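Colleague: Structure: coords-v9.cif, mmCIF, C-alpha atoms.
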data_data
loop_
_atom_site.label_atom_id
_atom_site.label_comp_id
_atom_site.auth_asym_id
_atom_site.auth_seq_id
_atom_site.Cartn_x
_atom_site.Cartn_y
_atom_site.Cartn_z
CA MET A 1 -20.87 -59.33 -86.63
CA ASN A 2 -24.68 -59.08 -86.43
CA ARG A 3 -26.48 -57.61 -83.46
CA THR A 4 -27.82 -60.93 -82.17
CA LYS A 5 -24.36 -62.52 -82.10
CA SER A 6 -22.92 -59.41 -80.47
CA SER A 7 -25.58 -59.46 -77.77
CA THR A 8 -25.08 -63.16 -77.17
CA LEU A 9 -21.36 -62.77 -76.65
CA SER A 10 -21.87 -59.74 -74.43
CA ILE A 11 -23.77 -61.83 -71.91
CA LEU A 12 -21.39 -64.82 -71.97
CA CYS A 13 -18.91 -63.19 -69.65
CA ALA A 14 -21.54 -62.37 -67.06
CA LEU A 15 -22.51 -66.03 -66.99
CA ALA A 16 -18.87 -67.09 -66.76
CA VAL A 17 -18.22 -64.69 -63.87
CA GLY A 18 -21.19 -66.13 -62.02
CA VAL A 19 -19.89 -69.67 -62.41
CA ALA A 20 -16.39 -68.64 -61.38
CA LEU A 21 -17.56 -66.84 -58.26
CA ILE A 22 -19.83 -69.67 -57.14
CA PHE A 23 -17.54 -72.63 -57.82
CA ALA A 24 -13.99 -71.45 -58.23
CA LEU A 25 -13.23 -68.39 -56.13
CA PRO A 26 -11.02 -70.35 -53.69
CA ALA A 27 -8.97 -71.63 -56.63
CA VAL A 28 -8.62 -68.11 -57.99
CA ALA A 29 -7.43 -66.91 -54.61
CA GLU A 30 -4.84 -69.68 -54.48
CA GLU A 31 -3.54 -68.80 -57.94
CA ALA A 32 -3.31 -65.16 -56.98
CA ALA A 33 -1.45 -66.04 -53.77
CA ALA A 34 1.00 -68.11 -55.78
CA GLU A 35 1.58 -65.21 -58.15
CA THR A 36 2.59 -62.80 -55.40
CA ALA A 37 3.29 -63.09 -51.70
CA ALA A 38 1.68 -59.72 -51.04
CA ASP A 39 -2.05 -59.09 -50.84
CA ASP A 40 -2.21 -57.72 -54.37
CA PRO A 41 -5.73 -57.03 -55.70
CA ALA A 42 -4.36 -56.78 -59.23
CA ALA A 43 -3.05 -60.33 -59.03
CA THR A 44 -6.39 -61.53 -57.68
CA PHE A 45 -8.27 -59.89 -60.53
CA HIS A 46 -5.74 -61.39 -62.94
CA GLY A 47 -6.60 -64.78 -61.48
CA LEU A 48 -10.30 -64.06 -61.95
CA GLY A 49 -9.62 -63.21 -65.58
CA LEU A 50 -7.84 -66.54 -66.02
CA MET A 51 -10.85 -68.33 -64.57
CA ILE A 52 -13.18 -66.52 -66.95
CA SER A 53 -10.93 -67.54 -69.84
CA GLN A 54 -11.39 -71.20 -68.89
CA GLN A 55 -15.13 -70.76 -69.14
CA LEU A 56 -14.89 -69.10 -72.55
CA ALA A 57 -12.15 -71.28 -74.05
CA PRO A 58 -14.52 -73.87 -75.61
CA LEU A 59 -16.09 -71.11 -77.72
CA GLY A 60 -12.85 -70.21 -79.49
CA ALA A 61 -13.76 -66.54 -79.40
CA THR A 62 -11.99 -64.11 -81.73
CA ASP A 63 -10.43 -60.85 -80.52
CA ALA A 64 -13.48 -58.97 -81.78
CA GLU A 65 -15.78 -61.30 -79.88
CA LEU A 66 -13.70 -60.94 -76.73
CA GLU A 67 -14.23 -57.19 -77.00
CA GLN A 68 -17.95 -57.89 -76.75
CA VAL A 69 -17.29 -59.94 -73.62
CA ILE A 70 -15.46 -56.99 -72.08
CA ARG A 71 -18.30 -54.72 -73.16
CA GLY A 72 -20.75 -57.03 -71.39
CA ILE A 73 -18.72 -56.87 -68.17
CA ARG A 74 -18.61 -53.08 -68.23
CA GLU A 75 -22.32 -52.73 -68.91
CA GLY A 76 -23.20 -55.25 -66.22
CA LEU A 77 -21.02 -53.61 -63.57
CA LYS A 78 -22.44 -50.16 -64.36
CA GLY A 79 -26.01 -51.41 -64.36
CA GLU A 80 -26.41 -50.43 -68.00
CA ALA A 81 -27.19 -53.88 -69.41
CA GLU A 82 -30.30 -53.99 -71.60
CA ILE A 83 -30.29 -57.78 -71.91
CA ASN A 84 -31.91 -60.25 -69.51
CA PRO A 85 -29.48 -63.18 -69.06
CA ARG A 86 -32.37 -65.64 -68.74
CA GLU A 87 -33.77 -64.55 -72.08
CA ILE A 88 -30.42 -64.84 -73.85
CA MET A 89 -29.54 -68.23 -72.33
CA PRO A 90 -30.99 -70.29 -75.24
CA LYS A 91 -28.83 -68.32 -77.68
CA VAL A 92 -25.77 -68.86 -75.49
CA GLN A 93 -26.47 -72.59 -75.40
CA LYS A 94 -26.96 -72.75 -79.17
CA LEU A 95 -23.77 -70.81 -79.83
CA ALA A 96 -21.82 -73.13 -77.53
CA ALA A 97 -23.34 -76.23 -79.14
CA ASP A 98 -22.69 -74.99 -82.68
CA ARG A 99 -19.08 -74.17 -81.96
CA ALA A 100 -18.50 -77.44 -80.10
CA LYS A 101 -19.88 -79.32 -83.10
CA LYS A 102 -17.65 -77.41 -85.51
CA ALA A 103 -14.58 -77.92 -83.30
CA GLY A 104 -15.44 -81.60 -82.90
CA GLU A 105 -15.69 -82.12 -86.65
CA ALA A 106 -12.26 -80.57 -87.21
CA GLU A 107 -10.74 -82.52 -84.33
CA ARG A 108 -12.14 -85.81 -85.61
CA VAL A 109 -10.44 -85.31 -88.97
CA ALA A 110 -7.09 -84.77 -87.26
CA ALA A 111 -7.78 -87.59 -84.80
CA ASN A 112 -8.54 -90.08 -87.58
CA ALA A 113 -5.16 -89.43 -89.19
CA PHE A 114 -3.49 -89.74 -85.80
CA LEU A 115 -5.28 -93.03 -85.06
CA ALA A 116 -4.24 -94.50 -88.40
CA GLU A 117 -0.61 -93.70 -87.66
CA LYS A 118 -0.85 -95.13 -84.13
CA ALA A 119 -2.48 -98.32 -85.43
CA GLU A 120 0.36 -98.91 -87.89
CA LEU A 121 2.94 -98.22 -85.22
CA ALA A 122 1.21 -100.53 -82.75
CA LYS A 123 1.36 -103.42 -85.22
CA THR A 124 5.15 -103.15 -85.35
CA LYS A 125 5.22 -103.50 -81.55
CA GLY A 126 2.84 -106.44 -81.30
CA GLY A 127 -0.18 -104.28 -80.55
CA VAL A 128 -3.76 -104.94 -81.59
CA VAL A 129 -6.71 -102.90 -82.81
CA THR A 130 -9.96 -104.21 -81.35
CA ASP A 131 -13.42 -104.11 -82.93
CA SER A 132 -14.24 -100.97 -80.95
CA GLY A 133 -11.24 -99.15 -82.40
CA LEU A 134 -9.12 -99.36 -79.24
CA ILE A 135 -5.40 -99.57 -80.06
CA TYR A 136 -3.81 -101.70 -77.35
CA THR A 137 -0.06 -102.14 -76.97
CA GLU A 138 1.46 -104.05 -74.07
CA LEU A 139 4.49 -102.28 -72.64
CA ALA A 140 5.25 -104.69 -69.79
CA ALA A 141 3.68 -108.05 -69.02
CA GLY A 142 1.84 -108.63 -65.76
CA THR A 143 0.88 -111.82 -63.96
CA GLY A 144 -2.28 -113.28 -62.51
CA ASP A 145 -5.89 -112.91 -63.60
CA ASN A 146 -7.29 -110.19 -65.83
CA PRO A 147 -9.76 -107.91 -64.04
CA LYS A 148 -13.43 -108.25 -64.87
CA PRO A 149 -15.69 -105.27 -65.60
CA THR A 150 -17.24 -105.70 -62.15
CA ASP A 151 -13.85 -105.45 -60.39
CA ARG A 152 -12.25 -102.46 -58.73
CA VAL A 153 -8.70 -101.73 -59.81
CA LYS A 154 -5.81 -99.58 -58.63
CA VAL A 155 -3.82 -97.96 -61.43
CA HIS A 156 -1.30 -95.33 -62.31
CA TYR A 157 -1.95 -93.53 -65.59
CA HIS A 158 -0.69 -90.70 -67.77
CA GLY A 159 -3.15 -89.22 -70.27
CA THR A 160 -2.24 -87.10 -73.28
CA LEU A 161 -3.96 -85.63 -76.32
CA ARG A 162 -2.79 -86.41 -79.87
CA THR A 163 -0.64 -83.29 -79.61
CA GLY A 164 1.21 -84.71 -76.62
CA GLU A 165 -0.37 -82.26 -74.17
CA VAL A 166 -1.02 -83.85 -70.78
CA PHE A 167 -4.65 -83.54 -69.67
CA ASP A 168 -4.57 -85.83 -66.62
CA SER A 169 -1.93 -87.89 -64.85
CA SER A 170 -1.98 -89.80 -61.60
CA ARG A 171 1.79 -90.16 -61.97
CA GLU A 172 2.30 -86.41 -61.94
CA ARG A 173 0.09 -86.19 -58.85
CA GLY A 174 2.01 -89.06 -57.24
CA GLN A 175 -1.24 -90.76 -56.21
CA PRO A 176 -2.66 -93.89 -57.89
CA ALA A 177 -6.37 -94.02 -58.69
CA THR A 178 -8.85 -96.70 -57.61
CA PHE A 179 -12.19 -97.16 -59.36
CA GLY A 180 -14.75 -99.64 -60.59
CA LEU A 181 -13.84 -100.81 -64.07
CA ASN A 182 -17.45 -100.42 -65.20
CA GLN A 183 -17.53 -96.80 -64.02
CA VAL A 184 -15.09 -95.31 -66.53
CA ILE A 185 -14.99 -94.62 -70.27
CA LYS A 186 -15.46 -97.65 -72.52
CA CYS A 187 -11.86 -97.52 -73.68
CA TRP A 188 -10.69 -98.10 -70.13
CA THR A 189 -13.26 -100.77 -69.34
CA GLU A 190 -12.08 -102.72 -72.36
CA GLY A 191 -8.37 -101.92 -72.27
CA VAL A 192 -7.64 -102.42 -68.57
CA ALA A 193 -9.54 -105.72 -68.69
CA MET A 194 -6.88 -106.90 -71.19
CA MET A 195 -4.12 -106.30 -68.62
CA LYS A 196 -2.78 -108.36 -65.72
CA PRO A 197 -1.63 -106.98 -62.34
CA GLY A 198 1.85 -105.51 -62.56
CA GLY A 199 1.53 -104.94 -66.29
CA LYS A 200 1.73 -101.73 -68.28
CA ALA A 201 0.03 -100.86 -71.56
CA GLU A 202 -0.69 -98.01 -73.93
CA LEU A 203 -4.36 -97.45 -74.68
CA VAL A 204 -5.14 -95.25 -77.68
CA CYS A 205 -8.82 -94.34 -77.53
CA PRO A 206 -10.95 -93.05 -80.42
CA SER A 207 -13.44 -90.45 -79.27
CA ASP A 208 -16.36 -92.87 -79.75
CA ILE A 209 -15.11 -94.92 -76.78
CA ALA A 210 -13.77 -91.93 -74.85
CA TYR A 211 -15.69 -88.65 -74.40
CA GLY A 212 -17.27 -88.39 -77.84
CA ASP A 213 -18.27 -84.87 -78.84
CA ARG A 214 -18.40 -83.61 -75.26
CA PRO A 215 -15.56 -81.32 -74.16
CA ALA A 216 -14.11 -82.40 -70.82
CA GLY A 217 -11.64 -80.06 -69.19
CA LYS A 218 -8.62 -79.86 -71.51
CA ILE A 219 -10.11 -82.55 -73.76
CA PRO A 220 -11.73 -81.03 -76.88
CA PRO A 221 -14.80 -82.59 -78.51
CA GLY A 222 -14.01 -85.43 -80.90
CA ALA A 223 -10.56 -86.01 -79.39
CA ALA A 224 -8.56 -89.23 -79.53
CA LEU A 225 -6.79 -89.91 -76.24
CA VAL A 226 -3.60 -91.76 -75.32
CA PHE A 227 -3.15 -93.37 -71.91
CA GLU A 228 -0.13 -95.13 -70.50
CA VAL A 229 -1.60 -97.35 -67.79
CA GLU A 230 -0.01 -99.47 -65.07
CA LEU A 231 -2.37 -101.95 -63.42
CA ILE A 232 -1.08 -102.03 -59.85
CA GLU A 233 -3.63 -104.47 -58.50
CA VAL A 234 -7.18 -105.73 -58.63
CA VAL A 235 -8.45 -104.39 -55.31
CA THR A 236 -11.78 -106.15 -54.87
CA ALA A 237 -14.41 -107.86 -56.94
CA GLU A 238 -17.75 -106.06 -56.99
CA ALA A 239 -20.72 -108.13 -55.93
CA ASN A 240 -22.78 -109.28 -58.90
#
Take the structure I supplied and represent it as structure tokens, if you would.

Modeller:
Amino acid sequence: MNRTKSSTLSILCALAVGVALIFALPAVAEEAAAETAADDPAATFHGLGLMISQQLAPLGATDAELEQVIRGIREGLKGEAEINPREIMPKVQKLAADRAKKAGEAERVAANAFLAEKAELAKTKGGVVTDSGLIYTELAAGTGDNPKPTDRVKVHYHGTLRTGEVFDSSRERGQPATFGLNQVIKCWTEGVAMMKPGGKAELVCPSDIAYGDRPAGKIPPGAALVFEVELIEVVTAEAN
């Protein structure tokens, strides 16, 4: 590992801690409280470590690189840091962008194979592949009029990655979602507009009509997504 890369990784953790403390400390406290009923500082610091890991996860750091993160924490807490975070920020951004691009390229290769398999499977179930690449399979027929892109809809959904990992689910939360159909990813704008109220469908979304090369929570760059969607109702029509 060269000195520049080592220095870059050393400062990453300081940045992650800052983000965690500003935006997520209540969540960390809740996790710590869930871990133990007692007021246990160790559990709270464990929760803080978990929050830091979420900030660093997109980088795919190796064990050796994580040691540099720990080194950065120690130096920062002791006031021994010789690096100005503002000066290193461009290198941090470049490192994150380079690794996101590399991860996205690998994910797209796996996603393309997954999409090909899903497209073949959909055809056996009466599904269609649209010009955008959306793989649409009706699971249960609805009735009434299809929503327009300017409509607001109420839906239940369950979203998974190609691996089957759940990244978002209104069903698991037990609370349907309501939104403007032109305010979501293109896959949803197109796919939900093919449904009728009361219907259910599977939407398989290539990354180009989902989140592209941007990581989003548990969603890696370049990821294909699978949604099982129930269109509960068309709530209102937006004014044109």

Colleague: Please expand the PyMOL selection byres ((chain A and resi 128) around 12) into the concrete residues it hits in this file, giving the result as a PyMOL selection string.

Modeller: chain A and resi 118-127+129-138+191+194+201-204

Colleague: Let's have the selection written as a JSON list (two decimals), in the frame of the given file, with C-alpha atoms.

Modeller:
[["chain", "number", "residue", "atom", "x", "y", "z"],
["A", 118, "LYS", "CA", -0.85, -95.13, -84.13],
["A", 119, "ALA", "CA", -2.48, -98.32, -85.43],
["A", 120, "GLU", "CA", 0.36, -98.91, -87.89],
["A", 121, "LEU", "CA", 2.94, -98.22, -85.22],
["A", 122, "ALA", "CA", 1.21, -100.53, -82.75],
["A", 123, "LYS", "CA", 1.36, -103.42, -85.22],
["A", 124, "THR", "CA", 5.15, -103.15, -85.35],
["A", 125, "LYS", "CA", 5.22, -103.50, -81.55],
["A", 126, "GLY", "CA", 2.84, -106.44, -81.30],
["A", 127, "GLY", "CA", -0.18, -104.28, -80.55],
["A", 129, "VAL", "CA", -6.71, -102.90, -82.81],
["A", 130, "THR", "CA", -9.96, -104.21, -81.35],
["A", 131, "ASP", "CA", -13.42, -104.11, -82.93],
["A", 132, "SER", "CA", -14.24, -100.97, -80.95],
["A", 133, "GLY", "CA", -11.24, -99.15, -82.40],
["A", 134, "LEU", "CA", -9.12, -99.36, -79.24],
["A", 135, "ILE", "CA", -5.40, -99.57, -80.06],
["A", 136, "TYR", "CA", -3.81, -101.70, -77.35],
["A", 137, "THR", "CA", -0.06, -102.14, -76.97],
["A", 138, "GLU", "CA", 1.46, -104.05, -74.07],
["A", 191, "GLY", "CA", -8.37, -101.92, -72.27],
["A", 194, "MET", "CA", -6.88, -106.90, -71.19],
["A", 201, "ALA", "CA", 0.03, -100.86, -71.56],
["A", 202, "GLU", "CA", -0.69, -98.01, -73.93],
["A", 203, "LEU", "CA", -4.36, -97.45, -74.68],
["A", 204, "VAL", "CA", -5.14, -95.25, -77.68]]

Colleague: Going by the chain IDs and residue numbers used in this file, which residues fall under the PyMOL selection byres ((chain A and resi 108) around 8)? Write them as a list in words.

Modeller: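 Selected by the PyMOL selection byres ((chain A and resi 108) around 8) here: Gly104, Glu105, Ala106, Glu107, Val109, Ala110, Ala111, Asn112, Ser207, Gly222, Ala223 and Ala224 of chain A.
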
Colleague: Kindly indicate which residue among A:Glu190, A:Asp39, A:Asp98, A:Glu80 lies nearest to Gly60 (chain A), using all atoms listed in the file for the distances.

Modeller: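 Of A:Glu190, A:Asp39, A:Asp98, A:Glu80, the one nearest Gly60 (chain A) is A:Asp98, counting all atoms listed in the file.
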
Colleague: Which distance in Å separates CA of Pro206 (chain A) and CA of Val92 (chain A), to one decimal?

Modeller: 28.8 Å

Colleague: State, in Å with one decimal place, the distance from CA of Tyr157 (chain A) to CA of Leu50 (chain A).

Modeller: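 So the answer is 27.6 Å.
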
Colleague: Got a minute to add N, CA, C and O atoms to region 129-149 of chain A and dump it as an mmCIF file, in the frame of the given file?

Modeller:
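Below is the file part-v2.cif, written as the result:
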data_model
loop_
_atom_site.group_PDB
_atom_site.id
_atom_site.type_symbol
_atom_site.label_atom_id
_atom_site.label_comp_id
_atom_site.auth_asym_id
_atom_site.auth_seq_id
_atom_site.Cartn_x
_atom_site.Cartn_y
_atom_site.Cartn_z
ATOM 1 N N VAL A 129 -5.596 -103.839 -82.688
ATOM 2 C CA VAL A 129 -6.710 -102.900 -82.810
ATOM 3 C C VAL A 129 -7.977 -103.720 -82.649
ATOM 4 O O VAL A 129 -8.236 -104.641 -83.428
ATOM 5 N N THR A 130 -8.763 -103.426 -81.635
ATOM 6 C CA THR A 130 -9.960 -104.210 -81.350
ATOM 7 C C THR A 130 -11.137 -103.728 -82.203
ATOM 8 O O THR A 130 -11.049 -102.714 -82.898
ATOM 9 N N ASP A 131 -12.233 -104.465 -82.141
ATOM 10 C CA ASP A 131 -13.420 -104.110 -82.930
ATOM 11 C C ASP A 131 -13.955 -102.722 -82.587
ATOM 12 O O ASP A 131 -14.556 -102.064 -83.433
ATOM 13 N N SER A 132 -13.740 -102.282 -81.358
ATOM 14 C CA SER A 132 -14.240 -100.970 -80.950
ATOM 15 C C SER A 132 -13.382 -99.827 -81.470
ATOM 16 O O SER A 132 -13.779 -98.671 -81.419
ATOM 17 N N GLY A 133 -12.176 -100.172 -81.950
ATOM 18 C CA GLY A 133 -11.240 -99.150 -82.400
ATOM 19 C C GLY A 133 -10.110 -98.892 -81.415
ATOM 20 O O GLY A 133 -9.164 -98.152 -81.725
ATOM 21 N N LEU A 134 -10.189 -99.490 -80.222
ATOM 22 C CA LEU A 134 -9.120 -99.360 -79.240
ATOM 23 C C LEU A 134 -7.806 -99.894 -79.815
ATOM 24 O O LEU A 134 -7.771 -100.990 -80.379
ATOM 25 N N ILE A 135 -6.742 -99.122 -79.663
ATOM 26 C CA ILE A 135 -5.400 -99.570 -80.060
ATOM 27 C C ILE A 135 -4.656 -99.915 -78.784
ATOM 28 O O ILE A 135 -4.348 -99.038 -77.974
ATOM 29 N N TYR A 136 -4.385 -101.198 -78.602
ATOM 30 C CA TYR A 136 -3.810 -101.700 -77.350
ATOM 31 C C TYR A 136 -2.404 -102.211 -77.610
ATOM 32 O O TYR A 136 -2.192 -103.079 -78.461
ATOM 33 N N THR A 137 -1.438 -101.684 -76.869
ATOM 34 C CA THR A 137 -0.060 -102.140 -76.970
ATOM 35 C C THR A 137 0.475 -102.446 -75.585
ATOM 36 O O THR A 137 0.499 -101.560 -74.720
ATOM 37 N N GLU A 138 0.885 -103.680 -75.366
ATOM 38 C CA GLU A 138 1.460 -104.050 -74.070
ATOM 39 C C GLU A 138 2.876 -103.515 -73.969
ATOM 40 O O GLU A 138 3.698 -103.702 -74.861
ATOM 41 N N LEU A 139 3.159 -102.839 -72.872
ATOM 42 C CA LEU A 139 4.490 -102.280 -72.640
ATOM 43 C C LEU A 139 5.295 -103.129 -71.673
ATOM 44 O O LEU A 139 6.528 -103.177 -71.753
ATOM 45 N N ALA A 140 4.607 -103.781 -70.740
ATOM 46 C CA ALA A 140 5.250 -104.690 -69.790
ATOM 47 C C ALA A 140 4.213 -105.715 -69.371
ATOM 48 O O ALA A 140 3.065 -105.359 -69.065
ATOM 49 N N ALA A 141 4.615 -106.979 -69.356
ATOM 50 C CA ALA A 141 3.680 -108.050 -69.020
ATOM 51 C C ALA A 141 3.429 -108.113 -67.522
ATOM 52 O O ALA A 141 4.338 -107.894 -66.713
ATOM 53 N N GLY A 142 2.189 -108.405 -67.158
ATOM 54 C CA GLY A 142 1.840 -108.630 -65.760
ATOM 55 C C GLY A 142 1.614 -110.101 -65.510
ATOM 56 O O GLY A 142 1.830 -110.941 -66.395
ATOM 57 N N THR A 143 1.168 -110.434 -64.316
ATOM 58 C CA THR A 143 0.880 -111.820 -63.960
ATOM 59 C C THR A 143 -0.448 -111.898 -63.217
ATOM 60 O O THR A 143 -0.922 -110.911 -62.671
ATOM 61 N N GLY A 144 -1.018 -113.089 -63.221
ATOM 62 C CA GLY A 144 -2.280 -113.280 -62.510
ATOM 63 C C GLY A 144 -3.470 -113.184 -63.440
ATOM 64 O O GLY A 144 -3.354 -113.340 -64.662
ATOM 65 N N ASP A 145 -4.629 -112.924 -62.845
ATOM 66 C CA ASP A 145 -5.890 -112.910 -63.600
ATOM 67 C C ASP A 145 -6.209 -111.501 -64.107
ATOM 68 O O ASP A 145 -5.948 -110.505 -63.427
ATOM 69 N N ASN A 146 -6.796 -111.457 -65.303
ATOM 70 C CA ASN A 146 -7.290 -110.190 -65.830
ATOM 71 C C ASN A 146 -8.468 -109.713 -64.988
ATOM 72 O O ASN A 146 -9.291 -110.516 -64.545
ATOM 73 N N PRO A 147 -8.582 -108.411 -64.759
ATOM 74 C CA PRO A 147 -9.760 -107.910 -64.040
ATOM 75 C C PRO A 147 -11.014 -108.039 -64.889
ATOM 76 O O PRO A 147 -10.958 -107.998 -66.117
ATOM 77 N N LYS A 148 -12.135 -108.205 -64.203
ATOM 78 C CA LYS A 148 -13.430 -108.250 -64.870
ATOM 79 C C LYS A 148 -14.073 -106.867 -64.779
ATOM 80 O O LYS A 148 -13.691 -106.059 -63.916
ATOM 81 N N PRO A 149 -15.043 -106.586 -65.641
ATOM 82 C CA PRO A 149 -15.690 -105.270 -65.600
ATOM 83 C C PRO A 149 -16.301 -104.928 -64.247
ATOM 84 O O PRO A 149 -16.467 -103.753 -63.908
#
